[in-house]
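Working notes, beginning with the structure itself.
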Amino acid sequence: MKPLWEGAISFGLILIPVKLYKATKERKPDFHLVREKDLCPIKYMRVCKLTGEEIPYNEIVKSYEYQKGDYIILHDEDFKKAYLKRTENIEIVEFTDEDKIDSKYYEQPYYIEPEKGASKVYALLREALKRTKKVGVAKYVLHNLEHLGVLKVENEILVLNQIRFDSEIRKPADLKIPAGENMSDKEIDTAIMLIDQLSAPFKPEDFKDTYTEEIKKAIEEKIKTGKITEKVPIESGKQGEVINLLEKLRKSLEEAKKKKKAS
Amino acid sequence: MKLKTNVELTHPDKIFWPKENYTKKDLFEYYEKISAFILPYIINRPQSLNRCPDGIAGECFYQKDIDYKLPDWLHTKKIYSESKNEDIDYLVCTDLDSLLYMVNLGCIDIHPWNSKINKLEYPDFAVLDLDPLDVSFREVKTVAIGVKKLLDEIEIKGFCKTSGSKGIHVYLPLGAKYTYEQTLDFTKILAKSVNISLPELTSIERSPEKRNKKIYLDCYQNRIGQTVAAPYCIRPIPGAPVSTPLLWKELERDIKPSDFTIKNIFSRLDEIGDIWKGVLGQGINLEKCIKKLSAKYVA
């Protein structure tokens, strides 16, 4: 696993250098987009909507339409300035009971590993959380965005569960939800009986992602019976290289021409 | 001893080619005589010195950095070397005297840069080096004819010469209009293109094991600081062959690199003159070449 982020957990005066790993993975099979007739691989390009011209990354900035037709441009410095007070750390701001956190807030789990030399403080926080049966509520910045997370112990690992801000949760005000309707005890008992019958300890591994498995099966089947598209023949691979180089050179000459005109 | 030059020839009688009994004086006189032909291709260019002070049987060594005091009349140019992370003082050939000075240092072949000191970043020509590994010269000629066919297809004029050793060098005039990177990319395109049409004979693999018994289409001389043996220079190998400009049609004849030597080259030159002048003439237009090549490859 590759760490997604390196930094430190801070609470009070204690600083624990750690690495963050995404605890989840994509479940879809990996598909490659290609042109059907020759398997030419497809890539995404950022182009100008008006001219179709490809725009290099270094020319792209973020803008905000603050009123119809009027944009203000924001650079990295502007974001940094706005986040000035935020530390580079996962800053634990309070401790609370886990069951006080509603499940709809949970967004994305991360594993936390101590950096070299931080094992002792890592273990210390873990032990304290276990004994108090508390979880930490932490703030941190990832991908230029501030996040809220819940820090808890799971099988001796510190896990950071990213949770949503309250402002991200829609209020169900418009939904028509029944109040207490008339029902008999018998009806309720029948419903409860049904629940009892289907009760089981929850084992996540018992539930399979059947969609993905069906797709994989279909792929296997197609490999066996369907038409397999030939691998790109060597010649056209080399031709591809020639075409790429031609394109690179064409751009380079164009750039040079532009520069010359500008000077 | 003194000749028509300011440069003193030291050890004139030292044998440089033992089998042929050619001396250092023979070499010196050759360069004096050939100077009108060779100078246009080496003048005002930094030189990599390939010094063989004891002739072809002795030890030869490369020298780029002139780290000792030269006579005042010689020119050097400080050029930053990325690999060494320091400035290197290159000797610049400016005239006959500086050429002969190099020869007296034991330079048998001459290795000029592809660009001149006033436009160091822009080579005057592109070089495609057909370098055979255990393949006969007949095949090298076949590949060179293949290169010519491609050049004809995209309507550009190229020039070829024997390397003097086993291969053929193809030069394309660029008129110092394009960067080394653009030149390298363009040459790569040509090399790959030739490789596609002659896969059995040619290779574009950089590792020698992978191109055994093939002709390597080497583009990597089109990088700043890389050098190729100049036209009309002598190679430090038996027979004292000259890197000789050829007419394309000569490739169809039964010629070999060893046919052109220190002894017989002048009769040929008296007859046909310098057929390579175009190399330093008006450069080809790469935009047009790209259009033609794109039409060939992008269906």
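In the structure tokens, chains take the letters A, B, ... in the order shown, each chain's residues start at 1, and ligands count up from 1 in the order shown.
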* List every residue of range 5-247 of chain B that DSSP, applied to the backbone of this structure, places in helix (DSSP H, G or I), and write the result as number ranges by chain. => B: 24-42, 96-104, 117-119, 137-153, 180-197, 208-211
With C-alpha atoms retained, export the selected residues as a PDB file, in the first residue's frame.
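Result file selection06.pdb:
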```
ATOM      1  CA  LYS B  24      52.660  12.054 -38.658  1.00  0.00           C
ATOM      2  CA  LYS B  25      53.985  14.353 -41.378  1.00  0.00           C
ATOM      3  CA  ASP B  26      51.803  12.564 -43.941  1.00  0.00           C
ATOM      4  CA  LEU B  27      48.782  13.236 -41.736  1.00  0.00           C
ATOM      5  CA  PHE B  28      49.758  16.871 -41.221  1.00  0.00           C
ATOM      6  CA  GLU B  29      50.245  17.449 -44.929  1.00  0.00           C
ATOM      7  CA  TYR B  30      46.962  15.731 -45.695  1.00  0.00           C
ATOM      8  CA  TYR B  31      45.037  18.156 -43.507  1.00  0.00           C
ATOM      9  CA  GLU B  32      46.933  21.099 -44.946  1.00  0.00           C
ATOM     10  CA  LYS B  33      45.967  20.001 -48.414  1.00  0.00           C
ATOM     11  CA  ILE B  34      42.355  19.066 -47.642  1.00  0.00           C
ATOM     12  CA  SER B  35      41.715  22.187 -45.560  1.00  0.00           C
ATOM     13  CA  ALA B  36      39.594  23.971 -48.168  1.00  0.00           C
ATOM     14  CA  PHE B  37      37.284  20.952 -48.168  1.00  0.00           C
ATOM     15  CA  ILE B  38      37.125  20.155 -44.476  1.00  0.00           C
ATOM     16  CA  LEU B  39      37.240  23.599 -42.852  1.00  0.00           C
ATOM     17  CA  PRO B  40      33.656  24.655 -43.689  1.00  0.00           C
ATOM     18  CA  TYR B  41      32.390  21.667 -41.669  1.00  0.00           C
ATOM     19  CA  ILE B  42      34.528  22.246 -38.584  1.00  0.00           C
ATOM     20  CA  LEU B  96      43.770  26.172 -40.794  1.00  0.00           C
ATOM     21  CA  ASP B  97      46.258  26.853 -38.023  1.00  0.00           C
ATOM     22  CA  SER B  98      43.941  25.684 -35.280  1.00  0.00           C
ATOM     23  CA  LEU B  99      43.125  22.573 -37.310  1.00  0.00           C
ATOM     24  CA  LEU B 100      46.813  21.810 -37.705  1.00  0.00           C
ATOM     25  CA  TYR B 101      47.376  22.486 -34.019  1.00  0.00           C
ATOM     26  CA  MET B 102      44.853  19.740 -33.276  1.00  0.00           C
ATOM     27  CA  VAL B 103      46.551  17.427 -35.753  1.00  0.00           C
ATOM     28  CA  ASN B 104      49.879  18.036 -34.063  1.00  0.00           C
ATOM     29  CA  ILE B 117      29.632  28.659 -31.168  1.00  0.00           C
ATOM     30  CA  ASN B 118      27.403  31.603 -32.103  1.00  0.00           C
ATOM     31  CA  LYS B 119      24.310  29.379 -32.103  1.00  0.00           C
ATOM     32  CA  PHE B 137      28.811  -3.012 -46.094  1.00  0.00           C
ATOM     33  CA  ARG B 138      26.540  -4.243 -48.872  1.00  0.00           C
ATOM     34  CA  GLU B 139      23.667  -4.299 -46.374  1.00  0.00           C
ATOM     35  CA  VAL B 140      24.621  -0.874 -45.031  1.00  0.00           C
ATOM     36  CA  LYS B 141      24.280   0.470 -48.567  1.00  0.00           C
ATOM     37  CA  THR B 142      20.866  -1.189 -48.887  1.00  0.00           C
ATOM     38  CA  VAL B 143      19.707   0.535 -45.714  1.00  0.00           C
ATOM     39  CA  ALA B 144      21.158   3.872 -46.863  1.00  0.00           C
ATOM     40  CA  ILE B 145      19.166   3.494 -50.089  1.00  0.00           C
ATOM     41  CA  GLY B 146      16.112   2.841 -47.884  1.00  0.00           C
ATOM     42  CA  VAL B 147      16.802   6.094 -46.048  1.00  0.00           C
ATOM     43  CA  LYS B 148      17.117   7.907 -49.380  1.00  0.00           C
ATOM     44  CA  LYS B 149      13.768   6.486 -50.475  1.00  0.00           C
ATOM     45  CA  LEU B 150      12.112   7.896 -47.370  1.00  0.00           C
ATOM     46  CA  LEU B 151      13.801  11.282 -47.896  1.00  0.00           C
ATOM     47  CA  ASP B 152      12.517  11.301 -51.484  1.00  0.00           C
ATOM     48  CA  GLU B 153       9.041  10.463 -50.257  1.00  0.00           C
ATOM     49  CA  TYR B 180      18.724  19.752 -30.547  1.00  0.00           C
ATOM     50  CA  GLU B 181      15.607  18.220 -29.035  1.00  0.00           C
ATOM     51  CA  GLN B 182      13.560  18.881 -32.153  1.00  0.00           C
ATOM     52  CA  THR B 183      16.395  17.562 -34.289  1.00  0.00           C
ATOM     53  CA  LEU B 184      16.664  14.409 -32.199  1.00  0.00           C
ATOM     54  CA  ASP B 185      12.915  13.819 -32.360  1.00  0.00           C
ATOM     55  CA  PHE B 186      12.874  14.295 -36.101  1.00  0.00           C
ATOM     56  CA  THR B 187      15.765  11.894 -36.591  1.00  0.00           C
ATOM     57  CA  LYS B 188      14.034   9.364 -34.329  1.00  0.00           C
ATOM     58  CA  ILE B 189      10.976   9.587 -36.546  1.00  0.00           C
ATOM     59  CA  LEU B 190      13.108   8.883 -39.624  1.00  0.00           C
ATOM     60  CA  ALA B 191      14.922   6.017 -37.883  1.00  0.00           C
ATOM     61  CA  LYS B 192      11.704   4.384 -36.700  1.00  0.00           C
ATOM     62  CA  SER B 193      10.214   4.875 -40.122  1.00  0.00           C
ATOM     63  CA  VAL B 194      13.167   3.178 -41.840  1.00  0.00           C
ATOM     64  CA  ASN B 195      13.045   0.453 -39.209  1.00  0.00           C
ATOM     65  CA  ILE B 196       9.391  -0.199 -40.044  1.00  0.00           C
ATOM     66  CA  SER B 197      10.176  -0.660 -43.727  1.00  0.00           C
ATOM     67  CA  PRO B 208      24.081  -3.720 -28.555  1.00  0.00           C
ATOM     68  CA  GLU B 209      23.022  -7.275 -27.553  1.00  0.00           C
ATOM     69  CA  LYS B 210      19.579  -6.634 -28.967  1.00  0.00           C
ATOM     70  CA  ARG B 211      20.840  -5.514 -32.349  1.00  0.00           C
TER      71      ARG B 211
END
```
* Asked: Got a sec to pull out which chain A residues are within 9 Å of chain B, counting only C-alpha atoms, and send them as a list in words?
  ->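 Listed by rising number, the hits are Glu235, Lys238, Gln239, Gly240, Glu241, Val242, Ile243, Leu245, Leu246, Glu247, Lys248, Leu249, Arg250, Ser252, Leu253, Glu254 and Ala256 of chain A.
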* Residue contacts of Leu91 in chain B (8 Å, only C-alpha atoms) excluding same-chain residues fewer than 6 positions away, as number ranges by chain -> B: 46-48, 64-66, 74-77
Expected file contents, prior selection, all heavy atoms, as a compact mmCIF listing (two decimals), in the first residue's frame:
```txt
# COMPACT_ATOMS: atom_id res chain seq x y z
N PRO B 46 32.96 23.94 -31.43
CA PRO B 46 33.75 23.31 -30.37
C PRO B 46 34.19 21.92 -30.84
O PRO B 46 33.47 21.26 -31.59
CB PRO B 46 32.76 23.18 -29.21
CG PRO B 46 31.63 24.09 -29.55
CD PRO B 46 31.58 24.18 -31.04
N GLN B 47 35.36 21.51 -30.43
CA GLN B 47 35.92 20.25 -30.89
C GLN B 47 36.10 19.28 -29.72
O GLN B 47 36.57 19.66 -28.65
CB GLN B 47 37.30 20.48 -31.53
CG GLN B 47 37.31 21.50 -32.66
CD GLN B 47 36.64 21.00 -33.92
OE1 GLN B 47 36.71 19.80 -34.23
NE2 GLN B 47 36.00 21.89 -34.66
N SER B 48 35.71 18.03 -29.96
CA SER B 48 36.11 16.97 -29.04
C SER B 48 37.36 16.35 -29.63
O SER B 48 37.34 15.93 -30.78
CB SER B 48 35.03 15.89 -28.95
OG SER B 48 33.92 16.37 -28.25
N LYS B 64 38.04 16.71 -24.02
CA LYS B 64 37.15 17.83 -24.33
C LYS B 64 37.67 19.08 -23.64
O LYS B 64 37.75 20.14 -24.23
CB LYS B 64 35.74 17.51 -23.83
CG LYS B 64 35.05 16.44 -24.64
CD LYS B 64 33.66 16.17 -24.11
CE LYS B 64 32.93 15.18 -25.01
NZ LYS B 64 31.62 14.82 -24.45
N ASP B 65 38.00 18.91 -22.37
CA ASP B 65 38.39 20.06 -21.55
C ASP B 65 39.86 20.40 -21.80
O ASP B 65 40.74 19.57 -21.58
CB ASP B 65 38.17 19.69 -20.08
CG ASP B 65 38.06 20.93 -19.21
OD1 ASP B 65 38.06 22.04 -19.77
OD2 ASP B 65 37.98 20.78 -17.99
N ILE B 66 40.12 21.62 -22.29
CA ILE B 66 41.50 22.06 -22.45
C ILE B 66 41.90 22.74 -21.15
O ILE B 66 41.63 23.92 -20.93
CB ILE B 66 41.63 23.05 -23.63
CG1 ILE B 66 41.04 22.45 -24.90
CG2 ILE B 66 43.08 23.46 -23.83
CD1 ILE B 66 41.74 21.23 -25.42
N LEU B 74 45.01 30.70 -30.13
CA LEU B 74 43.96 29.69 -30.20
C LEU B 74 42.74 30.12 -29.40
O LEU B 74 42.86 30.81 -28.39
CB LEU B 74 44.47 28.35 -29.66
CG LEU B 74 45.30 27.55 -30.64
CD1 LEU B 74 46.07 26.47 -29.90
CD2 LEU B 74 44.42 26.93 -31.72
N HIS B 75 41.57 29.71 -29.86
CA HIS B 75 40.33 30.09 -29.19
C HIS B 75 39.75 28.92 -28.41
O HIS B 75 39.75 27.79 -28.88
CB HIS B 75 39.29 30.56 -30.20
CG HIS B 75 39.69 31.81 -30.88
ND1 HIS B 75 39.29 33.05 -30.45
CD2 HIS B 75 40.50 32.01 -31.95
CE1 HIS B 75 39.82 33.97 -31.25
NE2 HIS B 75 40.56 33.37 -32.15
N THR B 76 39.26 29.23 -27.24
CA THR B 76 38.50 28.22 -26.52
C THR B 76 37.14 28.81 -26.18
O THR B 76 36.94 30.02 -26.24
CB THR B 76 39.18 27.79 -25.20
OG1 THR B 76 39.38 28.93 -24.40
CG2 THR B 76 40.50 27.09 -25.47
N LYS B 77 36.21 27.93 -25.84
CA LYS B 77 34.86 28.40 -25.46
C LYS B 77 34.44 27.62 -24.22
O LYS B 77 34.49 26.40 -24.20
CB LYS B 77 33.89 28.14 -26.61
CG LYS B 77 32.44 28.32 -26.26
CD LYS B 77 31.88 29.59 -26.86
CE LYS B 77 30.43 29.77 -26.45
NZ LYS B 77 30.02 31.16 -26.40
```
* Can you list, as number ranges by chain, every protein, DNA or RNA residue that comes within 12 Å of Asn155 in chain A when you count only C-alpha atoms, leaving out same-chain residues fewer than 4 positions away? -> A: 111, 126-127, 130, 159
* Asked: Quick one: distance from CA of Glu20 in chain B to CA of Tyr62 in chain B in Å, one decimal?
  ->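 Interatomic distance, CA of Glu20 in chain B to CA of Tyr62 in chain B: 24.4 Å.
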* Leaving out Glu250 in chain B and any residue of its chain fewer than 2 positions from it, which residues lie within 12 Å of it when counting only C-alpha atoms, given as a ChimeraX atom specification? -> /B:141-142,144-145,160-162,244-248,252-257
* Non-local contacts of Lys157 in chain B (10 Å; only C-alpha atoms; under 4 positions in same chain excluded) as number ranges by chain -> B: 148, 151-152, 171-173, 278-279, 283-284
Go ahead and dump the residues you just picked, C-alpha atoms, as a PDB file, in the first residue's frame.
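The resulting file, out.pdb, is reproduced below:
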```
ATOM      1  CA  LYS B 148      17.117   7.907 -49.380  1.00  0.00           C
ATOM      2  CA  LEU B 151      13.801  11.282 -47.896  1.00  0.00           C
ATOM      3  CA  ASP B 152      12.517  11.301 -51.484  1.00  0.00           C
ATOM      4  CA  TYR B 171      23.228  14.338 -42.885  1.00  0.00           C
ATOM      5  CA  LEU B 172      20.181  16.571 -43.331  1.00  0.00           C
ATOM      6  CA  PRO B 173      20.695  20.331 -43.559  1.00  0.00           C
ATOM      7  CA  GLY B 278      24.296  21.649 -49.374  1.00  0.00           C
ATOM      8  CA  VAL B 279      24.704  20.266 -45.852  1.00  0.00           C
ATOM      9  CA  GLY B 283      17.847  23.922 -44.151  1.00  0.00           C
ATOM     10  CA  ILE B 284      14.848  21.732 -44.699  1.00  0.00           C
TER      11      ILE B 284
END
```
* To do: Skip Asn212 in chain B itself and residues of its chain fewer than 5 positions away, then list as an MDAnalysis selection string all residues within 9 Å of it, counting only C-alpha atoms.
  => chainID B and resid 132:135 203
* Asked: Tell me, which residues of range 9-211 of chain A carry DSSP strand (DSSP E), written as a PyMOL selection string?
  -> chain A and resi 9-11+14-22+62-67+70-74+90-96+106-114+135-142+145-154+157-163
